[in-house]
file structure_2.cif (mmCIF, C-alpha atoms)
data_run
#
loop_
_atom_site.label_atom_id
_atom_site.label_comp_id
_atom_site.auth_asym_id
_atom_site.auth_seq_id
_atom_site.Cartn_x
_atom_site.Cartn_y
_atom_site.Cartn_z
CA MET A 1 1.26 13.10 10.34
CA ARG A 2 -0.73 15.85 8.67
CA TYR A 3 0.59 17.73 5.65
CA ILE A 4 0.06 21.06 3.94
CA GLU A 5 0.36 21.80 0.22
CA VAL A 6 2.01 25.15 -0.51
CA GLY A 7 3.64 26.34 -3.70
CA GLY A 8 3.66 22.86 -5.16
CA SER A 9 5.41 21.33 -2.14
CA ARG A 10 3.96 18.97 0.46
CA LEU A 11 5.21 19.67 3.97
CA SER A 12 4.54 18.14 7.37
CA VAL A 13 2.77 20.65 9.62
CA ILE A 14 5.23 19.74 12.35
CA GLY A 15 8.83 20.04 11.26
CA LEU A 16 12.12 19.69 13.10
CA GLY A 17 14.26 22.64 14.12
CA THR A 18 17.95 21.86 14.58
CA TRP A 19 19.52 24.98 16.14
CA GLN A 20 20.55 22.83 19.10
CA TYR A 21 22.51 20.33 16.98
CA GLY A 22 26.10 20.89 18.03
CA SER A 23 25.43 24.36 19.46
CA ARG A 24 27.23 24.95 22.73
CA GLU A 25 24.70 27.55 23.89
CA TRP A 26 22.10 24.85 24.46
CA GLY A 27 24.44 22.85 26.68
CA TYR A 28 23.45 19.43 25.34
CA GLY A 29 27.03 18.28 24.84
CA ASP A 30 28.91 16.28 22.25
CA SER A 31 27.17 12.98 22.95
CA TYR A 32 23.88 14.59 21.99
CA ALA A 33 25.36 16.01 18.79
CA GLU A 34 27.07 12.79 17.75
CA ASP A 35 24.36 10.31 18.71
CA GLU A 36 20.98 11.59 19.92
CA ALA A 37 20.65 14.24 17.21
CA LEU A 38 21.06 11.57 14.53
CA LYS A 39 18.45 9.37 16.22
CA ILE A 40 16.04 12.30 16.51
CA THR A 41 16.33 13.20 12.83
CA ARG A 42 15.94 9.62 11.62
CA ARG A 43 12.97 9.06 13.91
CA ALA A 44 11.42 12.26 12.55
CA LEU A 45 11.59 10.80 9.06
CA ASP A 46 10.10 7.55 10.35
CA LEU A 47 7.14 9.52 11.70
CA GLY A 48 6.55 11.32 8.42
CA ILE A 49 8.15 14.62 9.42
CA ASN A 50 9.78 15.82 6.23
CA LEU A 51 10.55 19.48 7.00
CA ILE A 52 14.05 19.61 8.51
CA ASP A 53 15.28 23.14 9.19
CA THR A 54 18.88 24.14 9.83
CA ALA A 55 21.23 27.07 9.08
CA GLU A 56 24.87 27.66 8.30
CA ILE A 57 25.26 29.72 11.49
CA TYR A 58 24.01 26.91 13.75
CA ALA A 59 27.19 25.72 15.44
CA PHE A 60 29.06 27.26 12.49
CA GLY A 61 27.99 24.57 10.05
CA ARG A 62 28.02 21.63 12.43
CA SER A 63 24.22 21.42 12.50
CA GLU A 64 24.15 21.11 8.71
CA ARG A 65 26.75 18.34 8.84
CA ILE A 66 24.75 16.44 11.47
CA VAL A 67 21.56 16.76 9.42
CA GLY A 68 23.46 15.58 6.35
CA ARG A 69 24.68 12.48 8.15
CA ALA A 70 21.22 11.74 9.47
CA ILE A 71 19.45 11.92 6.11
CA ALA A 72 22.11 9.98 4.19
CA GLY A 73 20.33 7.28 2.21
CA ARG A 74 16.95 8.88 2.91
CA ARG A 75 17.24 12.12 0.96
CA ASP A 76 13.92 11.67 -0.84
CA GLU A 77 12.07 11.61 2.50
CA ALA A 78 13.25 15.06 3.57
CA PHE A 79 12.42 18.63 2.60
CA ILE A 80 15.67 20.33 3.58
CA ALA A 81 15.61 23.98 4.58
CA THR A 82 18.73 25.91 5.49
CA LYS A 83 19.61 29.56 5.85
CA LEU A 84 22.15 32.03 4.52
CA PHE A 85 23.74 34.05 7.32
CA PRO A 86 23.40 37.58 6.00
CA VAL A 87 26.97 38.87 6.36
CA PHE A 88 27.74 40.65 3.09
CA PRO A 89 24.99 38.78 1.18
CA ILE A 90 25.68 40.34 -2.22
CA SER A 91 24.75 38.55 -5.42
CA SER A 92 28.22 37.14 -6.07
CA VAL A 93 28.61 35.78 -2.51
CA VAL A 94 25.21 34.09 -2.10
CA PRO A 95 25.90 31.22 -4.56
CA TRP A 96 29.17 30.06 -3.04
CA ARG A 97 27.63 30.18 0.44
CA ALA A 98 24.80 27.96 -0.83
CA VAL A 99 27.31 25.55 -2.35
CA ALA A 100 29.08 25.32 1.02
CA SER A 101 25.80 24.55 2.78
CA ALA A 102 24.87 21.92 0.19
CA ASP A 103 28.28 20.27 0.64
CA ARG A 104 27.87 20.14 4.42
CA LEU A 105 24.37 18.69 4.00
CA GLY A 106 25.57 16.20 1.40
CA VAL A 107 22.84 17.18 -1.08
CA ASP A 108 22.80 18.43 -4.65
CA LEU A 109 19.53 20.33 -4.14
CA ILE A 110 18.44 22.57 -1.29
CA ASP A 111 14.65 22.48 -1.09
CA LEU A 112 14.38 25.85 0.67
CA TYR A 113 17.20 28.39 0.96
CA GLN A 114 16.33 31.24 3.31
CA VAL A 115 17.89 34.60 4.11
CA HIS A 116 18.29 34.32 7.88
CA TRP A 117 17.85 38.03 8.66
CA PRO A 118 17.42 41.15 6.55
CA ASN A 119 20.67 43.03 6.09
CA PRO A 120 20.32 46.78 6.80
CA VAL A 121 23.15 47.72 4.43
CA VAL A 122 23.02 45.30 1.50
CA PRO A 123 19.98 45.89 -0.74
CA VAL A 124 17.64 42.91 -0.91
CA SER A 125 17.83 43.22 -4.70
CA SER A 126 21.47 42.13 -4.60
CA THR A 127 20.77 39.15 -2.34
CA MET A 128 17.82 38.05 -4.46
CA ALA A 129 19.89 38.29 -7.64
CA GLY A 130 22.14 35.62 -6.14
CA MET A 131 19.11 33.57 -5.11
CA ALA A 132 17.66 33.76 -8.62
CA ARG A 133 20.94 32.50 -10.01
CA LEU A 134 20.79 29.52 -7.65
CA GLN A 135 17.30 28.69 -8.84
CA ARG A 136 18.36 28.89 -12.49
CA THR A 137 21.29 26.55 -11.91
CA GLY A 138 19.08 24.09 -10.02
CA LEU A 139 20.88 24.13 -6.67
CA VAL A 140 17.92 25.75 -4.91
CA ARG A 141 14.27 24.86 -5.45
CA ASN A 142 12.53 27.48 -3.28
CA VAL A 143 13.71 30.82 -1.93
CA GLY A 144 12.62 31.94 1.52
CA VAL A 145 13.27 34.64 4.06
CA SER A 146 13.38 34.71 7.83
CA ASN A 147 12.60 37.49 10.31
CA PHE A 148 11.32 39.72 7.51
CA SER A 149 8.48 42.21 7.90
CA LEU A 150 5.67 42.01 5.37
CA GLY A 151 7.08 44.98 3.45
CA LYS A 152 10.52 43.40 3.26
CA TRP A 153 8.99 40.05 2.25
CA GLN A 154 7.12 41.71 -0.59
CA ALA A 155 10.23 43.65 -1.62
CA ALA A 156 12.16 40.37 -1.74
CA GLU A 157 9.51 38.92 -4.07
CA ARG A 158 9.70 41.89 -6.40
CA ALA A 159 13.50 41.64 -6.46
CA LEU A 160 13.44 37.89 -7.09
CA GLY A 161 10.84 38.22 -9.82
CA GLY A 162 8.94 35.24 -8.45
CA PRO A 163 7.48 33.73 -5.29
CA VAL A 164 9.41 33.94 -2.05
CA PHE A 165 8.03 30.68 -0.73
CA SER A 166 8.14 31.32 3.02
CA ASN A 167 8.95 33.60 5.91
CA GLN A 168 10.34 31.95 9.05
CA VAL A 169 9.44 34.01 12.11
CA GLN A 170 8.98 33.70 15.84
CA TYR A 171 5.36 32.73 16.35
CA SER A 172 3.54 31.12 19.26
CA LEU A 173 0.71 31.71 21.70
CA VAL A 174 2.89 34.32 23.43
CA CYS A 175 4.31 35.88 20.26
CA ARG A 176 1.40 36.53 17.91
CA GLY A 177 2.70 39.41 15.82
CA PRO A 178 2.72 37.38 12.57
CA GLU A 179 -1.07 37.17 12.72
CA LYS A 180 -1.39 40.87 11.92
CA ASP A 181 -0.11 40.69 8.37
CA LEU A 182 2.31 37.83 7.61
CA VAL A 183 -0.17 34.98 8.09
CA PRO A 184 -2.97 36.68 6.09
CA PHE A 185 -0.49 37.41 3.30
CA ALA A 186 0.59 33.77 3.21
CA GLN A 187 -3.01 32.58 3.16
CA ARG A 188 -3.96 34.88 0.29
CA ASN A 189 -0.92 34.14 -1.85
CA ASP A 190 -0.10 30.43 -1.41
CA ARG A 191 2.89 31.20 0.78
CA LEU A 192 4.05 29.72 4.06
CA VAL A 193 4.78 31.02 7.55
CA ILE A 194 7.27 28.80 9.37
CA ALA A 195 6.97 29.28 13.11
CA TYR A 196 10.18 29.01 15.11
CA SER A 197 10.20 28.96 18.92
CA PRO A 198 6.61 27.63 18.76
CA LEU A 199 6.82 26.65 22.44
CA ALA A 200 8.55 29.91 23.43
CA GLN A 201 11.74 28.01 24.34
CA GLY A 202 9.73 25.80 26.70
CA PHE A 203 7.59 28.41 28.45
CA LEU A 204 4.44 26.89 26.91
CA THR A 205 5.31 23.41 28.17
CA ALA A 206 4.11 24.62 31.61
CA LYS A 207 7.07 22.83 33.21
CA TYR A 208 8.90 25.82 34.67
CA GLU A 209 6.40 27.25 37.17
CA GLY A 210 7.98 27.27 40.62
CA ALA A 211 11.24 25.97 39.22
CA ARG A 212 14.58 27.71 39.19
CA ALA A 213 15.02 29.92 36.14
CA PRO A 214 16.62 27.84 33.35
CA GLY A 215 20.14 28.50 32.17
CA GLY A 216 21.76 28.38 28.76
CA VAL A 217 19.90 30.08 25.94
CA ARG A 218 16.79 30.44 28.11
CA ALA A 219 18.67 32.55 30.67
CA GLY A 220 18.19 35.53 28.38
CA ASN A 221 14.47 34.92 27.88
CA ALA A 222 12.36 37.28 30.00
CA LEU A 223 9.40 34.90 29.87
CA PHE A 224 11.04 32.78 32.58
CA LEU A 225 11.26 35.61 35.09
CA PRO A 226 9.08 34.92 38.16
CA ASP A 227 6.87 37.93 37.42
CA ASN A 228 6.13 36.65 33.92
CA MET A 229 5.55 33.11 35.13
CA ALA A 230 2.92 34.54 37.49
CA ARG A 231 1.39 36.66 34.73
CA GLY A 232 1.24 33.65 32.46
CA ALA A 233 -0.53 31.41 34.98
CA GLU A 234 -3.97 31.80 33.36
CA LEU A 235 -2.62 30.90 29.93
CA LEU A 236 -0.70 27.90 31.25
CA ASN A 237 -3.73 26.71 33.20
CA THR A 238 -5.86 26.99 30.06
CA LEU A 239 -3.31 24.90 28.20
CA ARG A 240 -3.47 22.30 30.98
CA ASP A 241 -7.27 22.22 30.92
CA VAL A 242 -7.47 21.76 27.15
CA ALA A 243 -4.66 19.22 27.27
CA LYS A 244 -6.50 17.17 29.88
CA SER A 245 -9.57 16.88 27.64
CA HIS A 246 -7.39 15.48 24.84
CA GLY A 247 -5.16 13.27 26.96
CA ALA A 248 -2.29 15.44 25.73
CA SER A 249 0.42 17.69 27.17
CA PRO A 250 0.30 21.51 27.30
CA ALA A 251 3.15 21.58 24.75
CA GLN A 252 1.15 19.47 22.31
CA ILE A 253 -1.85 21.77 22.68
CA ALA A 254 0.30 24.87 22.10
CA LEU A 255 1.58 23.29 18.88
CA ALA A 256 -1.90 22.16 17.84
CA TRP A 257 -3.20 25.72 18.30
CA LEU A 258 -0.45 27.07 16.07
CA ILE A 259 -0.81 24.62 13.19
CA HIS A 260 -4.58 25.05 13.29
CA ARG A 261 -3.86 28.27 11.36
CA PRO A 262 -3.86 27.74 7.58
CA ASN A 263 -0.50 28.15 5.84
CA VAL A 264 1.42 27.82 9.11
CA VAL A 265 3.83 25.06 10.09
CA ALA A 266 5.91 24.76 13.26
CA ILE A 267 9.51 23.66 13.72
CA PRO A 268 10.06 22.80 17.39
CA GLY A 269 13.43 21.44 18.39
CA ALA A 270 13.82 18.26 20.39
CA SER A 271 16.24 17.25 23.12
CA SER A 272 15.33 13.56 22.85
CA VAL A 273 13.55 11.07 20.63
CA ALA A 274 10.68 10.99 23.16
CA GLN A 275 10.23 14.75 22.89
CA LEU A 276 10.32 14.52 19.10
CA GLU A 277 7.60 11.87 19.19
CA SER A 278 5.48 14.01 21.48
CA ASN A 279 5.83 17.01 19.16
CA ALA A 280 4.88 14.91 16.15
CA ALA A 281 1.73 13.66 17.87
CA ALA A 282 0.45 17.25 18.09
CA ALA A 283 -0.29 17.11 14.36
CA ASP A 284 -3.15 14.71 15.04
CA ILE A 285 -4.90 16.82 17.70
CA GLU A 286 -8.09 18.48 16.49
CA LEU A 287 -9.02 21.47 18.63
CA SER A 288 -12.64 22.55 18.71
CA ALA A 289 -13.55 26.13 17.79
CA GLU A 290 -14.34 26.74 21.46
CA GLU A 291 -10.97 25.42 22.62
CA ASP A 292 -9.17 27.50 20.02
CA SER A 293 -11.05 30.60 21.22
CA GLN A 294 -10.27 29.85 24.86
CA LEU A 295 -6.57 29.57 24.14
CA THR A 296 -6.55 32.71 22.03
CA ALA A 297 -8.41 34.69 24.71
CA ALA A 298 -6.00 33.51 27.42
CA ALA A 299 -3.05 34.47 25.22
CA GLU A 300 -4.48 37.94 24.68
CA GLN A 301 -4.67 38.48 28.44
CA PHE A 302 -0.99 37.65 28.92
CA VAL A 303 1.12 40.80 28.90
CA PRO A 304 4.68 39.93 29.95
CA VAL A 305 7.29 42.31 31.27
CA SER A 306 9.81 42.74 28.46
CA GLY A 307 12.44 45.05 27.05
CA PRO A 308 14.27 47.49 29.35
CA ALA A 309 11.81 46.85 32.20
CA ALA A 310 12.88 43.20 32.33
CA MET A 311 16.62 43.80 32.09
CA PRO A 312 17.47 44.20 35.83
CA ASN A 313 15.74 40.93 36.72
CA LEU A 314 17.34 39.14 33.76
CA ILE A 315 20.78 40.21 34.94
CA ARG A 316 20.02 38.94 38.45
CA ALA A 317 18.75 35.63 37.03
CA ARG A 318 21.92 35.18 35.01
CA MET A 319 24.09 35.87 38.05
CA SER A 320 22.18 33.35 40.14
CA ASN A 321 22.75 30.66 37.51
CA ARG A 322 26.52 31.02 37.59
#

call {"tool": "encode", "arguments": {"input": "structure_2.cif", "output": "structure tokens"}}
result
Amino acid sequence: MRYIEVGGSRLSVIGLGTWQYGSREWGYGDSYAEDEALKITRRALDLGINLIDTAEIYAFGRSERIVGRAIAGRRDEAFIATKLFPVFPISSVVPWRAVASADRLGVDLIDLYQVHWPNPVVPVSSTMAGMARLQRTGLVRNVGVSNFSLGKWQAAERALGGPVFSNQVQYSLVCRGPEKDLVPFAQRNDRLVIAYSPLAQGFLTAKYEGARAPGGVRAGNALFLPDNMARGAELLNTLRDVAKSHGASPAQIALAWLIHRPNVVAIPGASSVAQLESNAAAADIELSAEEDSQLTAAAEQFVPVSGPAAMPNLIRARMSNR
């Protein structure tokens, strides 16, 4: 496993996202939540993955409980990140929500406590006042944000009166917006960008071409529409070509491309221990400058149908999956 040093913390460049732990929308079932999820988390620790990311909204706290069970007895091996769901995140509410998360996780210190989304009504100054209190009392080590623009990230720092360690955002070969300003800001200021959906919910695994559109959470993802699968063929073929030269999978190459960027880590989920092991192996892949450029150029050529233009086909796809 490869690690990155940011803000005095040492993190694995491949982490583990746990949205799917106990969440019905993924359709993995109770046996996954009660057995496989525990095995995945413990195997992640075995492999040197220390960044474990969850949130209070994931399965309404069940994900945190599963993570807590999995790390019991191995707390010092994990860098635990969870998120505050931003419903009425005023300064007096933030601390008791953090205490509830810590209780579910079975920890007395949250390594990274993140604001899951900016709240359009509650000033960030109020939320950060609660975060600062948590840092003073020692329940939270690092404060982070998620889905924040650069301006909002900087405003959060000013309100906190100290570093906002990270910003967790959607970032992958097909979602490269963070490169415009968030990644450069992190690189200049010893901050971290945590990339969620680093495989675009499986699109970048190159497994869905010619297959029936997936259901569950992915049913609402326009990337899996036939038109977008066709538009993405060049990118997926480039992933396959680079993967072949490394004896790797397209998914591993997509992850390797992402974590090749300084101050960026990725938190893919895993449906099995085997998938977790495959994700972890991506940390050891060294892409050449030419391969990196090839992937970037192919990504730039991919312009998917999205937004209102994709809605009629998404509705039809959902109906066909019923």

call {"tool": "closest_residue", "arguments": {"input": "structure_2.cif", "among": "A:Gln301, A:Ser101, A:Ser146, A:Ser92", "to": "A:His116", "atoms": "all atoms listed in the file"}}
result
A:Ser146

call {"tool": "resolve_selection", "arguments": {"input": "structure_2.cif", "expression": "the PyMOL selection byres ((chain A and resi 164) around 10)", "output": "mmCIF file with C-alpha atoms, in the frame of the given file"}}
result
data_model
loop_
_atom_site.group_PDB
_atom_site.id
_atom_site.type_symbol
_atom_site.label_atom_id
_atom_site.label_comp_id
_atom_site.auth_asym_id
_atom_site.auth_seq_id
_atom_site.Cartn_x
_atom_site.Cartn_y
_atom_site.Cartn_z
ATOM 1 C CA GLY A 7 3.640 26.340 -3.700
ATOM 2 C CA LEU A 112 14.380 25.850 0.670
ATOM 3 C CA GLN A 114 16.330 31.240 3.310
ATOM 4 C CA MET A 128 17.820 38.050 -4.460
ATOM 5 C CA ASN A 142 12.530 27.480 -3.280
ATOM 6 C CA VAL A 143 13.710 30.820 -1.930
ATOM 7 C CA GLY A 144 12.620 31.940 1.520
ATOM 8 C CA VAL A 145 13.270 34.640 4.060
ATOM 9 C CA TRP A 153 8.990 40.050 2.250
ATOM 10 C CA GLN A 154 7.120 41.710 -0.590
ATOM 11 C CA ALA A 155 10.230 43.650 -1.620
ATOM 12 C CA ALA A 156 12.160 40.370 -1.740
ATOM 13 C CA GLU A 157 9.510 38.920 -4.070
ATOM 14 C CA ARG A 158 9.700 41.890 -6.400
ATOM 15 C CA ALA A 159 13.500 41.640 -6.460
ATOM 16 C CA LEU A 160 13.440 37.890 -7.090
ATOM 17 C CA GLY A 161 10.840 38.220 -9.820
ATOM 18 C CA GLY A 162 8.940 35.240 -8.450
ATOM 19 C CA PRO A 163 7.480 33.730 -5.290
ATOM 20 C CA PHE A 165 8.030 30.680 -0.730
ATOM 21 C CA SER A 166 8.140 31.320 3.020
ATOM 22 C CA ASN A 167 8.950 33.600 5.910
ATOM 23 C CA ARG A 191 2.890 31.200 0.780
ATOM 24 C CA LEU A 192 4.050 29.720 4.060
#

call {"tool": "residues_around", "arguments": {"input": "structure_2.cif", "residues": "A:Ala81", "least_positions_apart": "2", "cutoff": "12 Å", "atoms": "all atoms listed in the file", "output": "PDB file with C-alpha atoms, keeping the file's coordinate frame"}}
result
ATOM      1  CA  LEU A  11       5.210  19.670   3.970  1.00  0.00           C
ATOM      2  CA  GLY A  15       8.830  20.040  11.260  1.00  0.00           C
ATOM      3  CA  LEU A  16      12.120  19.690  13.100  1.00  0.00           C
ATOM      4  CA  GLY A  17      14.260  22.640  14.120  1.00  0.00           C
ATOM      5  CA  THR A  18      17.950  21.860  14.580  1.00  0.00           C
ATOM      6  CA  ASN A  50       9.780  15.820   6.230  1.00  0.00           C
ATOM      7  CA  LEU A  51      10.550  19.480   7.000  1.00  0.00           C
ATOM      8  CA  ILE A  52      14.050  19.610   8.510  1.00  0.00           C
ATOM      9  CA  ASP A  53      15.280  23.140   9.190  1.00  0.00           C
ATOM     10  CA  THR A  54      18.880  24.140   9.830  1.00  0.00           C
ATOM     11  CA  ALA A  55      21.230  27.070   9.080  1.00  0.00           C
ATOM     12  CA  GLU A  56      24.870  27.660   8.300  1.00  0.00           C
ATOM     13  CA  SER A  63      24.220  21.420  12.500  1.00  0.00           C
ATOM     14  CA  GLU A  64      24.150  21.110   8.710  1.00  0.00           C
ATOM     15  CA  VAL A  67      21.560  16.760   9.420  1.00  0.00           C
ATOM     16  CA  GLY A  68      23.460  15.580   6.350  1.00  0.00           C
ATOM     17  CA  ALA A  78      13.250  15.060   3.570  1.00  0.00           C
ATOM     18  CA  PHE A  79      12.420  18.630   2.600  1.00  0.00           C
ATOM     19  CA  LYS A  83      19.610  29.560   5.850  1.00  0.00           C
ATOM     20  CA  LEU A  84      22.150  32.030   4.520  1.00  0.00           C
ATOM     21  CA  ALA A  98      24.800  27.960  -0.830  1.00  0.00           C
ATOM     22  CA  SER A 101      25.800  24.550   2.780  1.00  0.00           C
ATOM     23  CA  ALA A 102      24.870  21.920   0.190  1.00  0.00           C
ATOM     24  CA  LEU A 105      24.370  18.690   4.000  1.00  0.00           C
ATOM     25  CA  VAL A 107      22.840  17.180  -1.080  1.00  0.00           C
ATOM     26  CA  LEU A 109      19.530  20.330  -4.140  1.00  0.00           C
ATOM     27  CA  ILE A 110      18.440  22.570  -1.290  1.00  0.00           C
ATOM     28  CA  ASP A 111      14.650  22.480  -1.090  1.00  0.00           C
ATOM     29  CA  LEU A 112      14.380  25.850   0.670  1.00  0.00           C
ATOM     30  CA  TYR A 113      17.200  28.390   0.960  1.00  0.00           C
ATOM     31  CA  GLN A 114      16.330  31.240   3.310  1.00  0.00           C
ATOM     32  CA  VAL A 115      17.890  34.600   4.110  1.00  0.00           C
ATOM     33  CA  HIS A 116      18.290  34.320   7.880  1.00  0.00           C
ATOM     34  CA  VAL A 140      17.920  25.750  -4.910  1.00  0.00           C
ATOM     35  CA  ARG A 141      14.270  24.860  -5.450  1.00  0.00           C
ATOM     36  CA  ASN A 142      12.530  27.480  -3.280  1.00  0.00           C
ATOM     37  CA  VAL A 143      13.710  30.820  -1.930  1.00  0.00           C
ATOM     38  CA  GLY A 144      12.620  31.940   1.520  1.00  0.00           C
ATOM     39  CA  VAL A 145      13.270  34.640   4.060  1.00  0.00           C
ATOM     40  CA  SER A 146      13.380  34.710   7.830  1.00  0.00           C
ATOM     41  CA  PHE A 165       8.030  30.680  -0.730  1.00  0.00           C
ATOM     42  CA  SER A 166       8.140  31.320   3.020  1.00  0.00           C
ATOM     43  CA  ASN A 167       8.950  33.600   5.910  1.00  0.00           C
ATOM     44  CA  GLN A 168      10.340  31.950   9.050  1.00  0.00           C
ATOM     45  CA  ILE A 194       7.270  28.800   9.370  1.00  0.00           C
ATOM     46  CA  ILE A 267       9.510  23.660  13.720  1.00  0.00           C
TER      47      ILE A 267
END

call {"tool": "closest_residue", "arguments": {"input": "structure_2.cif", "among": "A:Leu295, A:Ala256, A:Val193, A:Val264", "to": "A:Glu234", "atoms": "all atoms listed in the file"}}
result
A:Leu295

call {"tool": "residues_around", "arguments": {"input": "structure_2.cif", "residues": "A:Ile14", "least_positions_apart": "2", "cutoff": "6 Å", "atoms": "all atoms listed in the file", "output": "list of chain:residue names"}}
result
A:Ser12, A:Val265, A:Ala266, A:Ile267

call {"tool": "axis_aligned_box", "arguments": {"input": "structure_2.cif", "around": "stretch 67-86 of chain A", "padding_each_side": "5 Å", "output": "JSON"}}
result
{"center_x": 18.4, "center_y": 22.4, "center_z": 4.3, "size_x": 22.6, "size_y": 40.3, "size_z": 20.3}

call {"tool": "atom_distance", "arguments": {"input": "structure_2.cif", "atom1": "atom CA of A:Leu204", "atom2": "atom CA of A:Ala186"}}
result
25.0 Å
